[in-house]
Every structure is written in structure tokens, then in C-alpha cells.
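Asks: Pasting entry_21.cif below, which is mmCIF, C-alpha atoms.
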data_structure
#
loop_
_atom_site.group_PDB
_atom_site.id
_atom_site.type_symbol
_atom_site.label_atom_id
_atom_site.label_comp_id
_atom_site.auth_asym_id
_atom_site.auth_seq_id
_atom_site.Cartn_x
_atom_site.Cartn_y
_atom_site.Cartn_z
ATOM 1 C CA MET V 1 13.075 0.163 -11.681
ATOM 2 C CA ALA V 2 16.214 2.052 -12.536
ATOM 3 C CA LYS V 3 18.724 2.406 -9.739
ATOM 4 C CA GLU V 4 18.482 5.857 -8.270
ATOM 5 C CA LYS V 5 21.559 7.888 -7.597
ATOM 6 C CA PHE V 6 21.393 9.293 -4.103
ATOM 7 C CA THR V 7 23.537 12.016 -2.604
ATOM 8 C CA GLN V 8 25.697 11.314 0.441
ATOM 9 C CA LYS V 9 23.127 13.061 2.631
ATOM 10 C CA GLN V 10 20.323 10.953 1.172
ATOM 11 C CA GLN V 11 22.356 7.779 1.684
ATOM 12 C CA ASP V 12 22.756 8.706 5.354
ATOM 13 C CA GLN V 13 19.016 9.305 5.592
ATOM 14 C CA ILE V 14 18.347 5.946 3.920
ATOM 15 C CA ARG V 15 20.566 4.228 6.487
ATOM 16 C CA ARG V 16 18.617 5.890 9.323
ATOM 17 C CA ALA V 17 15.311 4.837 7.770
ATOM 18 C CA GLN V 18 16.614 1.303 7.186
ATOM 19 C CA LYS V 19 17.514 1.033 10.873
ATOM 20 C CA ILE V 20 13.924 1.906 11.775
ATOM 21 C CA ILE V 21 12.637 -0.884 9.531
ATOM 22 C CA ASN V 22 15.260 -3.377 10.730
ATOM 23 C CA ASP V 23 14.392 -2.732 14.385
ATOM 24 C CA GLU V 24 10.695 -3.233 13.717
ATOM 25 C CA CYS V 25 11.295 -6.360 11.613
ATOM 26 C CA ALA V 26 13.313 -7.925 14.413
ATOM 27 C CA GLY V 27 10.464 -7.499 16.882
ATOM 28 C CA TYR V 28 7.594 -8.295 14.562
ATOM 29 C CA ILE V 29 7.414 -11.999 15.395
ATOM 30 C CA GLU V 30 6.310 -11.064 18.943
ATOM 31 C CA ILE V 31 3.566 -8.791 17.592
ATOM 32 C CA LEU V 32 2.432 -11.486 15.166
ATOM 33 C CA THR V 33 2.344 -14.002 18.034
ATOM 34 C CA GLN V 34 0.140 -11.611 20.038
ATOM 35 C CA HIS V 35 -2.156 -11.138 17.038
ATOM 36 C CA VAL V 36 -2.583 -14.898 16.591
ATOM 37 C CA SER V 37 -3.310 -15.282 20.299
ATOM 38 C CA GLY V 38 -5.894 -12.493 20.083
ATOM 39 C CA LEU V 39 -7.391 -14.095 16.997
ATOM 40 C CA ARG V 40 -7.745 -17.412 18.814
ATOM 41 C CA GLN V 41 -9.501 -15.715 21.752
ATOM 42 C CA SER V 42 -11.818 -13.760 19.462
ATOM 43 C CA LEU V 43 -12.844 -16.895 17.589
ATOM 44 C CA HIS V 44 -13.307 -18.775 20.861
ATOM 45 C CA SER V 45 -15.745 -16.097 22.004
ATOM 46 C CA LYS V 46 -17.199 -15.824 18.466
ATOM 47 C CA ASP V 47 -16.346 -12.136 18.344
ATOM 48 C CA MET V 48 -16.226 -12.036 14.566
ATOM 49 C CA ALA V 49 -15.722 -8.283 14.244
ATOM 50 C CA GLN V 50 -12.609 -8.447 16.414
ATOM 51 C CA ALA V 51 -11.306 -11.532 14.576
ATOM 52 C CA ILE V 52 -11.743 -9.766 11.227
ATOM 53 C CA LEU V 53 -9.980 -6.678 12.565
ATOM 54 C CA ILE V 54 -7.006 -8.754 13.755
ATOM 55 C CA CYS V 55 -6.794 -10.480 10.364
ATOM 56 C CA HIS V 56 -6.840 -7.044 8.769
ATOM 57 C CA TYR V 57 -3.903 -5.933 10.915
ATOM 58 C CA ILE V 58 -1.926 -9.088 10.157
ATOM 59 C CA GLN V 59 -2.598 -8.636 6.451
ATOM 60 C CA SER V 60 -1.419 -5.037 6.588
ATOM 61 C CA GLN V 61 1.577 -5.443 8.887
ATOM 62 C CA ALA V 62 3.007 -8.818 7.874
ATOM 63 C CA GLY V 63 3.526 -7.594 4.327
ATOM 64 C CA MET V 64 5.413 -4.593 5.639
ATOM 65 C CA PHE V 65 7.857 -6.730 7.619
ATOM 66 C CA GLY V 66 8.547 -9.442 5.092
ATOM 67 C CA TRP V 67 6.052 -12.149 6.091
ATOM 68 C CA PRO V 68 4.158 -12.481 2.783
ATOM 69 C CA LEU V 69 2.755 -15.911 3.612
ATOM 70 C CA ALA V 70 1.070 -14.525 6.741
ATOM 71 C CA THR V 71 -0.271 -11.659 4.635
ATOM 72 C CA GLU V 72 -1.722 -14.044 2.071
ATOM 73 C CA ILE V 73 -3.308 -16.369 4.616
ATOM 74 C CA SER V 74 -4.722 -13.558 6.742
ATOM 75 C CA GLY V 75 -6.306 -12.098 3.590
ATOM 76 C CA TRP V 76 -8.015 -15.427 2.846
ATOM 77 C CA PHE V 77 -9.056 -15.795 6.455
ATOM 78 C CA LYS V 78 -10.463 -12.261 6.623
ATOM 79 C CA ARG V 79 -12.663 -12.916 3.584
ATOM 80 C CA LEU V 80 -13.731 -16.255 5.016
ATOM 81 C CA LEU V 81 -14.688 -14.703 8.366
ATOM 82 C CA GLN V 82 -16.600 -11.962 6.589
ATOM 83 C CA SER V 83 -18.630 -14.649 4.795
ATOM 84 C CA GLN V 84 -19.113 -16.490 8.107
ATOM 85 C CA GLN V 85 -20.623 -13.324 9.574
ATOM 86 C CA LYS V 86 -23.434 -13.720 7.061
ATOM 87 C CA LYS V 87 -23.597 -17.516 7.038
ATOM 88 C CA ASP V 88 -22.573 -20.190 9.517
ATOM 89 C CA PHE V 89 -19.570 -20.194 11.834
ATOM 90 C CA ASN V 90 -17.214 -22.983 10.759
ATOM 91 C CA ALA V 91 -14.955 -23.883 13.681
ATOM 92 C CA GLN V 92 -13.193 -26.671 11.780
ATOM 93 C CA VAL V 93 -12.001 -24.393 8.995
ATOM 94 C CA ASN V 94 -11.162 -21.600 11.414
ATOM 95 C CA ASP V 95 -8.983 -24.009 13.393
ATOM 96 C CA LEU V 96 -7.173 -24.882 10.186
ATOM 97 C CA PHE V 97 -6.213 -21.231 9.748
ATOM 98 C CA LEU V 98 -5.123 -20.914 13.369
ATOM 99 C CA GLU V 99 -2.944 -24.005 12.952
ATOM 100 C CA SER V 100 -1.489 -22.450 9.814
ATOM 101 C CA PHE V 101 -0.554 -19.303 11.711
ATOM 102 C CA ASP V 102 0.971 -21.453 14.470
ATOM 103 C CA LEU V 103 3.075 -23.215 11.854
ATOM 104 C CA ILE V 104 4.161 -19.941 10.292
ATOM 105 C CA LEU V 105 5.282 -18.692 13.681
ATOM 106 C CA LYS V 106 6.921 -21.941 14.750
ATOM 107 C CA GLN V 107 8.897 -22.391 11.548
ATOM 108 C CA GLU V 108 9.194 -18.667 10.806
ATOM 109 C CA LEU V 109 7.755 -19.261 7.351
ATOM 110 C CA LYS V 110 8.150 -15.919 5.686
ATOM 111 C CA ALA V 111 8.314 -16.444 1.977
ATOM 112 C CA LYS V 112 8.244 -18.999 -0.774
ATOM 113 C CA SER V 113 9.704 -22.221 0.509
ATOM 114 C CA GLU V 114 8.819 -25.893 0.242
ATOM 115 C CA ALA V 115 7.121 -25.739 3.647
ATOM 116 C CA ALA V 116 5.174 -22.637 2.646
ATOM 117 C CA VAL V 117 3.938 -24.255 -0.561
ATOM 118 C CA LYS V 118 2.951 -27.392 1.373
ATOM 119 C CA LEU V 119 1.014 -25.270 3.821
ATOM 120 C CA LEU V 120 -0.872 -23.450 1.067
ATOM 121 C CA ILE V 121 -1.717 -26.726 -0.695
ATOM 122 C CA HIS V 122 -2.909 -28.170 2.613
ATOM 123 C CA ILE V 123 -5.165 -25.163 3.286
ATOM 124 C CA GLU V 124 -6.566 -25.279 -0.240
ATOM 125 C CA ALA V 125 -7.328 -29.014 0.054
ATOM 126 C CA GLU V 126 -9.022 -28.546 3.424
ATOM 127 C CA LEU V 127 -11.074 -25.662 2.128
ATOM 128 C CA LYS V 128 -12.232 -27.748 -0.828
ATOM 129 C CA LYS V 129 -13.054 -30.610 1.499
ATOM 130 C CA ASN V 130 -15.195 -28.213 3.513
ATOM 131 C CA ALA V 131 -16.726 -26.829 0.343
ATOM 132 C CA ILE V 132 -15.469 -23.298 1.033
ATOM 133 C CA PRO V 133 -15.127 -21.280 -2.168
ATOM 134 C CA MET T 1 7.558 23.079 -10.655
ATOM 135 C CA ASN T 2 5.567 23.022 -7.419
ATOM 136 C CA HIS T 3 5.943 25.546 -4.600
ATOM 137 C CA ILE T 4 8.485 23.475 -2.666
ATOM 138 C CA GLY T 5 10.924 23.625 -5.581
ATOM 139 C CA ARG T 6 13.475 20.828 -5.283
ATOM 140 C CA ASP T 7 13.499 20.841 -1.508
ATOM 141 C CA ILE T 8 12.086 17.729 0.157
ATOM 142 C CA ASN T 9 12.581 19.467 3.523
ATOM 143 C CA LYS T 10 9.673 21.762 2.719
ATOM 144 C CA ALA T 11 7.265 18.948 1.877
ATOM 145 C CA LYS T 12 4.106 18.417 3.926
ATOM 146 C CA ILE T 13 2.863 14.865 3.743
ATOM 147 C CA LEU T 14 -0.383 13.194 4.764
ATOM 148 C CA ILE T 15 -0.408 9.483 5.619
ATOM 149 C CA VAL T 16 -3.792 7.760 5.328
ATOM 150 C CA ASP T 17 -3.801 4.334 6.947
ATOM 151 C CA ASP T 18 -6.173 2.615 9.370
ATOM 152 C CA ASP T 19 -3.257 0.807 11.004
ATOM 153 C CA LEU T 20 -1.613 3.246 13.408
ATOM 154 C CA TYR T 21 1.422 0.993 13.804
ATOM 155 C CA ILE T 22 2.195 1.133 10.083
ATOM 156 C CA SER T 23 1.423 4.861 9.951
ATOM 157 C CA LYS T 24 3.959 5.533 12.683
ATOM 158 C CA ILE T 25 6.663 3.555 10.888
ATOM 159 C CA MET T 26 5.956 5.365 7.629
ATOM 160 C CA ARG T 27 6.116 8.662 9.504
ATOM 161 C CA ALA T 28 9.408 7.722 11.168
ATOM 162 C CA MET T 29 10.926 6.883 7.775
ATOM 163 C CA LEU T 30 9.679 10.131 6.230
ATOM 164 C CA GLU T 31 11.088 12.029 9.202
ATOM 165 C CA ALA T 32 14.430 10.328 8.571
ATOM 166 C CA PHE T 33 14.275 12.011 5.156
ATOM 167 C CA GLU T 34 13.699 15.306 6.969
ATOM 168 C CA VAL T 35 10.404 16.224 5.340
ATOM 169 C CA ALA T 36 8.833 19.335 6.870
ATOM 170 C CA ARG T 37 5.702 17.824 8.332
ATOM 171 C CA VAL T 38 3.925 14.491 8.471
ATOM 172 C CA VAL T 39 0.274 14.204 9.492
ATOM 173 C CA MET T 40 -1.484 10.862 10.015
ATOM 174 C CA VAL T 41 -5.176 10.118 9.568
ATOM 175 C CA ALA T 42 -6.949 6.789 9.896
ATOM 176 C CA ASN T 43 -9.501 6.586 7.113
ATOM 177 C CA PHE T 44 -11.199 8.046 4.039
ATOM 178 C CA ASP T 45 -13.464 10.428 5.962
ATOM 179 C CA GLU T 46 -10.675 11.839 8.141
ATOM 180 C CA ALA T 47 -8.539 12.300 5.038
ATOM 181 C CA ILE T 48 -11.244 14.270 3.234
ATOM 182 C CA ILE T 49 -11.862 16.550 6.230
ATOM 183 C CA THR T 50 -8.133 17.154 6.709
ATOM 184 C CA LEU T 51 -7.527 17.803 3.020
ATOM 185 C CA LYS T 52 -10.372 20.340 2.885
ATOM 186 C CA ASN T 53 -8.653 22.460 5.501
ATOM 187 C CA HIS T 54 -4.958 21.854 4.858
ATOM 188 C CA PRO T 55 -3.058 21.484 1.582
ATOM 189 C CA PHE T 56 -0.415 18.749 1.397
ATOM 190 C CA ASP T 57 2.365 18.221 -1.110
ATOM 191 C CA CYS T 58 1.944 14.469 -1.257
ATOM 192 C CA LEU T 59 -0.320 11.744 0.134
ATOM 193 C CA PHE T 60 0.799 8.288 1.238
ATOM 194 C CA VAL T 61 -2.268 6.049 1.099
ATOM 195 C CA ASP T 62 -2.665 2.450 2.205
ATOM 196 C CA ASN T 63 -4.560 0.444 -0.359
ATOM 197 C CA MET T 64 -6.105 -1.916 2.171
ATOM 198 C CA MET T 65 -8.018 0.521 4.362
ATOM 199 C CA CYS T 66 -11.538 -0.349 5.487
ATOM 200 C CA PRO T 67 -14.326 0.346 4.748
ATOM 201 C CA LYS T 68 -13.177 2.550 1.841
ATOM 202 C CA ASN T 69 -9.838 1.565 0.380
ATOM 203 C CA GLY T 70 -6.986 3.623 -1.007
ATOM 204 C CA LEU T 71 -8.188 3.418 -4.595
ATOM 205 C CA THR T 72 -11.556 4.859 -3.579
ATOM 206 C CA LEU T 73 -9.769 7.775 -1.938
ATOM 207 C CA ALA T 74 -7.564 8.314 -4.999
ATOM 208 C CA LYS T 75 -10.596 8.366 -7.318
ATOM 209 C CA TYR T 76 -12.420 10.802 -5.013
ATOM 210 C CA ILE T 77 -9.453 13.181 -4.910
ATOM 211 C CA ARG T 78 -8.989 13.053 -8.684
ATOM 212 C CA LYS T 79 -12.629 14.076 -9.149
ATOM 213 C CA SER T 80 -12.355 16.949 -6.681
ATOM 214 C CA THR T 81 -13.358 20.424 -7.852
ATOM 215 C CA ASP T 82 -10.500 21.833 -5.785
ATOM 216 C CA ILE T 83 -7.838 21.911 -8.521
ATOM 217 C CA LYS T 84 -4.895 21.937 -6.105
ATOM 218 C CA LEU T 85 -6.237 18.943 -4.217
ATOM 219 C CA GLN T 86 -7.128 17.158 -7.450
ATOM 220 C CA LYS T 87 -3.513 17.351 -8.618
ATOM 221 C CA THR T 88 -1.888 16.360 -5.326
ATOM 222 C CA PRO T 89 0.502 13.431 -5.888
ATOM 223 C CA ILE T 90 -0.758 10.165 -4.417
ATOM 224 C CA ILE T 91 1.580 7.327 -3.474
ATOM 225 C CA LEU T 92 -0.314 4.100 -2.886
ATOM 226 C CA TYR T 93 1.387 1.480 -0.753
ATOM 227 C CA THR T 94 0.316 -2.081 -1.205
ATOM 228 C CA THR T 95 1.317 -5.735 -1.183
ATOM 229 C CA ARG T 96 -0.578 -6.284 -4.430
ATOM 230 C CA THR T 97 1.761 -5.935 -7.369
ATOM 231 C CA GLY T 98 0.053 -8.035 -10.029
ATOM 232 C CA LEU T 99 -0.584 -6.427 -13.408
ATOM 233 C CA GLN T 100 -4.308 -6.086 -12.729
ATOM 234 C CA SER T 101 -3.676 -4.292 -9.430
ATOM 235 C CA VAL T 102 -1.174 -1.949 -11.070
ATOM 236 C CA ILE T 103 -3.649 -1.121 -13.842
ATOM 237 C CA GLN T 104 -6.403 -0.471 -11.290
ATOM 238 C CA ALA T 105 -4.137 1.876 -9.344
ATOM 239 C CA ARG T 106 -3.030 3.649 -12.505
ATOM 240 C CA ASP T 107 -6.615 4.069 -13.680
ATOM 241 C CA ALA T 108 -7.616 5.462 -10.275
ATOM 242 C CA GLY T 109 -5.100 8.273 -10.812
ATOM 243 C CA VAL T 110 -2.418 7.040 -8.437
ATOM 244 C CA THR T 111 0.912 8.792 -9.062
ATOM 245 C CA GLU T 112 3.255 6.101 -7.728
ATOM 246 C CA ILE T 113 2.919 2.616 -6.277
ATOM 247 C CA LEU T 114 5.069 1.665 -3.314
ATOM 248 C CA THR T 115 5.247 -2.064 -2.764
ATOM 249 C CA LYS T 116 5.472 -3.741 0.630
ATOM 250 C CA PRO T 117 7.830 -4.574 2.183
ATOM 251 C CA VAL T 118 8.774 -0.930 1.809
ATOM 252 C CA SER T 119 12.464 -0.211 1.388
ATOM 253 C CA PRO T 120 13.766 3.262 2.278
ATOM 254 C CA GLU T 121 15.460 3.554 -1.138
ATOM 255 C CA GLN T 122 12.188 2.803 -2.879
ATOM 256 C CA LEU T 123 10.298 5.192 -0.616
ATOM 257 C CA LEU T 124 12.698 8.069 -1.290
ATOM 258 C CA ALA T 125 12.781 7.376 -5.029
ATOM 259 C CA LYS T 126 8.974 7.333 -5.267
ATOM 260 C CA LEU T 127 8.679 10.477 -3.153
ATOM 261 C CA ASN T 128 11.224 12.269 -5.356
ATOM 262 C CA ASN T 129 9.329 11.143 -8.459
ATOM 263 C CA ALA T 130 5.993 12.275 -7.072
ATOM 264 C CA LEU T 131 7.267 15.655 -5.901
ATOM 265 C CA PHE T 132 9.791 16.604 -8.536
ATOM 266 C CA LYS T 133 9.050 14.640 -11.713
ATOM 267 C CA GLU T 134 5.621 15.994 -12.381
ATOM 268 C CA ARG T 135 3.714 14.472 -15.265
ATOM 269 C CA PRO T 136 1.059 16.340 -17.249
ATOM 270 C CA PHE T 137 -2.291 16.165 -15.503
ATOM 271 C CA ILE T 138 -5.103 14.661 -17.532
ATOM 272 C CA ALA T 139 -8.712 15.541 -16.741
ATOM 273 C CA THR T 140 -11.362 13.877 -18.877
ATOM 274 C CA GLU T 141 -14.780 12.387 -18.276
ATOM 275 C CA GLU T 142 -13.347 8.926 -17.896
ATOM 276 C CA TYR T 143 -9.950 9.568 -16.329
ATOM 277 C CA SER T 144 -8.472 12.142 -14.040
ATOM 278 C CA GLY T 145 -4.890 11.947 -12.867
ATOM 279 C CA PRO T 146 -1.279 12.155 -13.947
ATOM 280 C CA ASP T 147 -0.529 11.134 -17.514
ATOM 281 C CA ARG T 148 -0.618 7.341 -17.402
ATOM 282 C CA ARG T 149 2.292 7.173 -19.789
ATOM 283 C CA ARG T 150 5.680 8.124 -18.469
ATOM 284 C CA ARG T 151 7.746 10.580 -20.490
ATOM 285 C CA LEU T 152 10.235 9.045 -22.876
ATOM 286 C CA SER T 153 13.029 10.801 -20.985
ATOM 287 C CA ASP T 154 12.030 8.869 -17.847
ATOM 288 C CA MET T 155 12.077 5.611 -19.788
ATOM 289 C CA GLU T 156 15.501 6.271 -21.222
ATOM 290 C CA THR T 157 17.050 6.620 -17.789
ATOM 291 C CA SER T 158 15.596 3.266 -16.776
ATOM 292 C CA GLU T 159 18.042 0.761 -18.167
ATOM 293 C CA ASP T 160 16.402 -2.312 -16.704
ATOM 294 C CA ARG T 161 12.831 -1.127 -16.752
ATOM 295 C CA ARG T 162 10.216 -3.331 -18.363
ATOM 296 C CA VAL T 163 7.756 -1.242 -20.281
ATOM 297 C CA ILE T 164 4.266 -2.638 -20.507
ATOM 298 C CA ASP T 165 2.472 -0.973 -23.383
ATOM 299 C CA ILE T 166 -1.166 -0.770 -22.431
ATOM 300 C CA PRO T 167 -3.374 1.081 -24.913
ATOM 301 C CA LEU T 168 -4.936 4.256 -23.585
ATOM 302 C CA PRO T 169 -8.594 5.127 -23.908
ATOM 303 C CA LYS T 170 -9.105 7.059 -27.166
ATOM 304 C CA GLU T 171 -10.203 10.275 -25.469
ATOM 305 C CA GLU T 172 -7.035 10.441 -23.427
ATOM 306 C CA GLU T 173 -4.860 9.504 -26.386
ATOM 307 C CA LYS T 174 -6.334 12.452 -28.277
ATOM 308 C CA ILE T 175 -5.700 14.880 -25.440
ATOM 309 C CA ILE T 176 -2.110 13.820 -25.026
ATOM 310 C CA LEU T 177 -1.404 13.962 -28.742
ATOM 311 C CA ASN T 178 -2.953 17.437 -28.948
ATOM 312 C CA GLY T 179 -0.956 18.598 -25.973
ATOM 313 C CA GLU T 180 -4.093 19.451 -24.015
ATOM 314 C CA GLY T 181 -4.422 18.877 -20.326
ATOM 315 C CA ASN T 182 -0.921 20.087 -19.589
ATOM 316 C CA PRO T 183 -0.701 22.497 -16.705
#
Please rewrite the model in this file as C-alpha cells.

Replies:
Amino acid sequence: MAKEKFTQKQQDQIRRAQKIINDECAGYIEILTQHVSGLRQSLHSKDMAQAILICHYIQSQAGMFGWPLATEISGWFKRLLQSQQKKDFNAQVNDLFLESFDLILKQELKAKSEAAVKLLIHIEAELKKNAIP
Amino acid sequence: MNHIGRDINKAKILIVDDDLYISKIMRAMLEAFEVARVVMVANFDEAIITLKNHPFDCLFVDNMMCPKNGLTLAKYIRKSTDIKLQKTPIILYTTRTGLQSVIQARDAGVTEILTKPVSPEQLLAKLNNALFKERPFIATEEYSGPDRRRRLSDMETSEDRRVIDIPLPKEEEKIILNGEGNP
């Protein structure tokens, strides 16, 4: 996209808006940690609707704050849980996703990196092993 | 030109997102740009009820809403019999930026796509485009929304823009070439 020319007033407004985003980005890891904890509890109690809702929030929010890997994985997991609502609950695969989120949080895996690629390959291999489409 | 002229401070904006946290951040950013009013609703149904009673200058719509997503809302609005509502600019925010997703959004009548993570510069630029760089509105059986081709003058100002030439449906091509559908 072409670079926009902003007036001085608009540049000041952009700085104010950027501060809002920066402040939220800085605190997002705590929110993501809470989401993963909630997800674990929901799956433990087999509350699928709540687990799907949490995945939905991660998918929506993580993308906003620069955690695209969490967005991608939560999207996969949401679809998987939706299919598990109709078919069988698969604790082994669900644990794999929880471990993935733990790793993302522990290593702060936000974007494309060697570790992120490894994680995605690992998830894909495990899913194939478990015959999950 | 619309009724707010060139003044973003007069703009009334509706945010449609089922994630209140994201809605509030979007609202805070829009308030930093000193828009007149920002209203938040949580889903398709709330949006439709609100839009029936209150006109807005622009909609910010999350693509990932459940159960009906942002594209469904955009298509519904573009088929509205309320002409003012039908032509309201729609900015879709999404993490999906692949060609297929862009084409889907374009074909649903979305005015602008805002990609996550949202940057304030991008947000302001898209809002300015939606409010002040109006494109001819096309209303046919198969498509309703802003002209899917940008004006040449817009292209010329975009030095580093990549133009993807996607053929238009014949009906729309005819309307544009004949100059029909312009407000």
C-alpha cells in the first residue's frame, strides 16, 4: 500500500493510538496464559462449548497482538474441537494442542521462527498419526 | 461527497465484533482519531437491529464472528433495500490475507480490508479511504457493493502497490463501461 501522508494532528493521533496498542501488547501474554489455563480446565471437565469459545478468543485476540502462531493453532484446535463435539473426544490430540500453547507461552513464539516451524511440523505429524484430517 | 464532508470528527462508526476486548481496543483507537461516536455490538443480529434504527458512516466488522461471520453481514447489508444502509462503507478486519480471502471479501462488497495486527496508520488510512474516497456503487443481480476496481487515479498514487488484475463478471464490466451504477 502506498505510504499515506498524514498531517501533524493525525500523526499525534496515530502516536496516541499506537500507545494503546503497545500497552495492550505488553500485557497480552498474561491474558493468553489465562486463556490456556481456562482451556485446560474446560477440556478437563469436557466442557466443549467453553473450550471452543476460548479457542475463538485466542484466535481473534492473538492475531491482533502479534502472536500469529497462536492464532493459527487456535484456529486448528477450534475446528478440531467442533468435530469432536459431533464425534469422539480425543484427549491425546487435545493434550498435544495444550502442550503447543504451553510451548508458545514459554518460548514466546510469536511468528515465523525455526522453533515455530518445528512446532507446526510436530503438530501435523501427530495429527496424521492420530488420523485427524 | 457524504454528509460528513472531509471531517472525520463527524463520523459515527459501528464496531461489530463478538470479542468485547477487541471491540474496546478498536473503539479506543478510533477515539484517538477523534471520531464523533463509536457504538459496539456483538453479533450479526445486534448489528442489523442497530442499523435499522441508527445510520452510521462506516462499519468496522470482524470477519471471524460466530455464528454468522463478517462476510455474511457484509453480503446482507449490500442486499438491503435501505439504499443508505446498502451503501455504508464496510471495513473488514481479519488475519486472513491470502488472495482467496481477499477475493471473497471483495465479492461480498467489503469496502476495505484491515489486516491484523492492526496498525494505527493502516486503520486511519483505511478509514479515510472508506469515508472520503468513495467508489461508484455497483448494484447488480450478482454483485452489490463498491466498484471492485479502484480508480486509476488511486493506482497512480500507489507507487509500490501490486495490482492484481482479476477479471470482473461480464454484467458488472458492462455497467462500469456504460457508466451505470454511479451515484

Asks: Tell me which of V:Gln84, V:Ile29, V:Gln107, V:Glu126 sits closest to Gln61 of chain V, counting all atoms listed in the file.

Replies: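 Closest to Gln61 of chain V of all the choices is V:Ile29.
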
Asks: Select residues of chain V: the criterion is any atom within 8 Å of an atom of chain T, counting only C-alpha atoms; output as a short mmCIF file (atom, residue, chain, number, x, y, z; two decimals) with C-alpha atoms, in the frame of the given file.

Replies:
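As a result, iface_4.cif now contains:
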data_model
loop_
_atom_site.label_atom_id
_atom_site.label_comp_id
_atom_site.auth_asym_id
_atom_site.auth_seq_id
_atom_site.Cartn_x
_atom_site.Cartn_y
_atom_site.Cartn_z
CA MET V 1 13.08 0.16 -11.68
CA ALA V 2 16.21 2.05 -12.54
CA LYS V 3 18.72 2.41 -9.74
CA GLU V 4 18.48 5.86 -8.27
CA GLN V 10 20.32 10.95 1.17
CA GLN V 13 19.02 9.30 5.59
CA ILE V 14 18.35 5.95 3.92
CA ARG V 16 18.62 5.89 9.32
CA ALA V 17 15.31 4.84 7.77
CA GLN V 18 16.61 1.30 7.19
CA ILE V 20 13.92 1.91 11.78
CA ILE V 21 12.64 -0.88 9.53
CA TYR V 57 -3.90 -5.93 10.92
CA SER V 60 -1.42 -5.04 6.59
CA GLN V 61 1.58 -5.44 8.89
CA GLY V 63 3.53 -7.59 4.33
CA MET V 64 5.41 -4.59 5.64
CA PHE V 65 7.86 -6.73 7.62
CA GLY V 66 8.55 -9.44 5.09
#

Asks: Determine the residue membership of the PyMOL selection byres ((chain T and resi 108) around 8) for the file above and supply it as a list in words.

Replies: Leu71, Thr72, Ala74, Lys75, Arg78, Gln104, Ala105, Arg106, Asp107, Gly109, Val110, Tyr143, Ser144 and Gly145 of chain T

Asks: Please expand the PyMOL selection byres ((chain V and resi 97) around 12) into the concrete residues it hits in this file, giving the result as a PyMOL selection string.

Replies: chain V and resi 36+39-40+43+51+55+70+72-78+80-81+90-96+98-104+119-120+122-124+126-127

Asks: Any idea what's packed within 9 Å of Leu73 of chain T, counting all atoms listed in the file, ignoring anything in its chain fewer than 4 positions away? Could you give it as a PyMOL selection string?

Replies: chain T and resi 44+47-48+61+68-69+77-78+108

Asks: Can you turn the PyMOL selection byres ((chain T and resi 39) around 12) into a concrete residue list for this file, as an MDAnalysis selection string?

Replies: chainID T and resid 11:17 20 23:24 26:28 30:31 35:38 40:42 46:47 50:51 54:61

Asks: Using all atoms listed in the file and a cutoff of 10 Å, can you tell me which residues are near (1.2, 11.7, -12.9) in the file's coordinates, and write them out as number ranges by chain?

Replies: T: 87-90, 106, 109-112, 129-130, 133-138, 144-150

Asks: Just how far from atom CA of Trp67 of chain V is atom CA of Tyr28 of chain V, in Å to one decimal?

Replies: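 Atom CA of Trp67 of chain V lies 9.4 Å from atom CA of Tyr28 of chain V.
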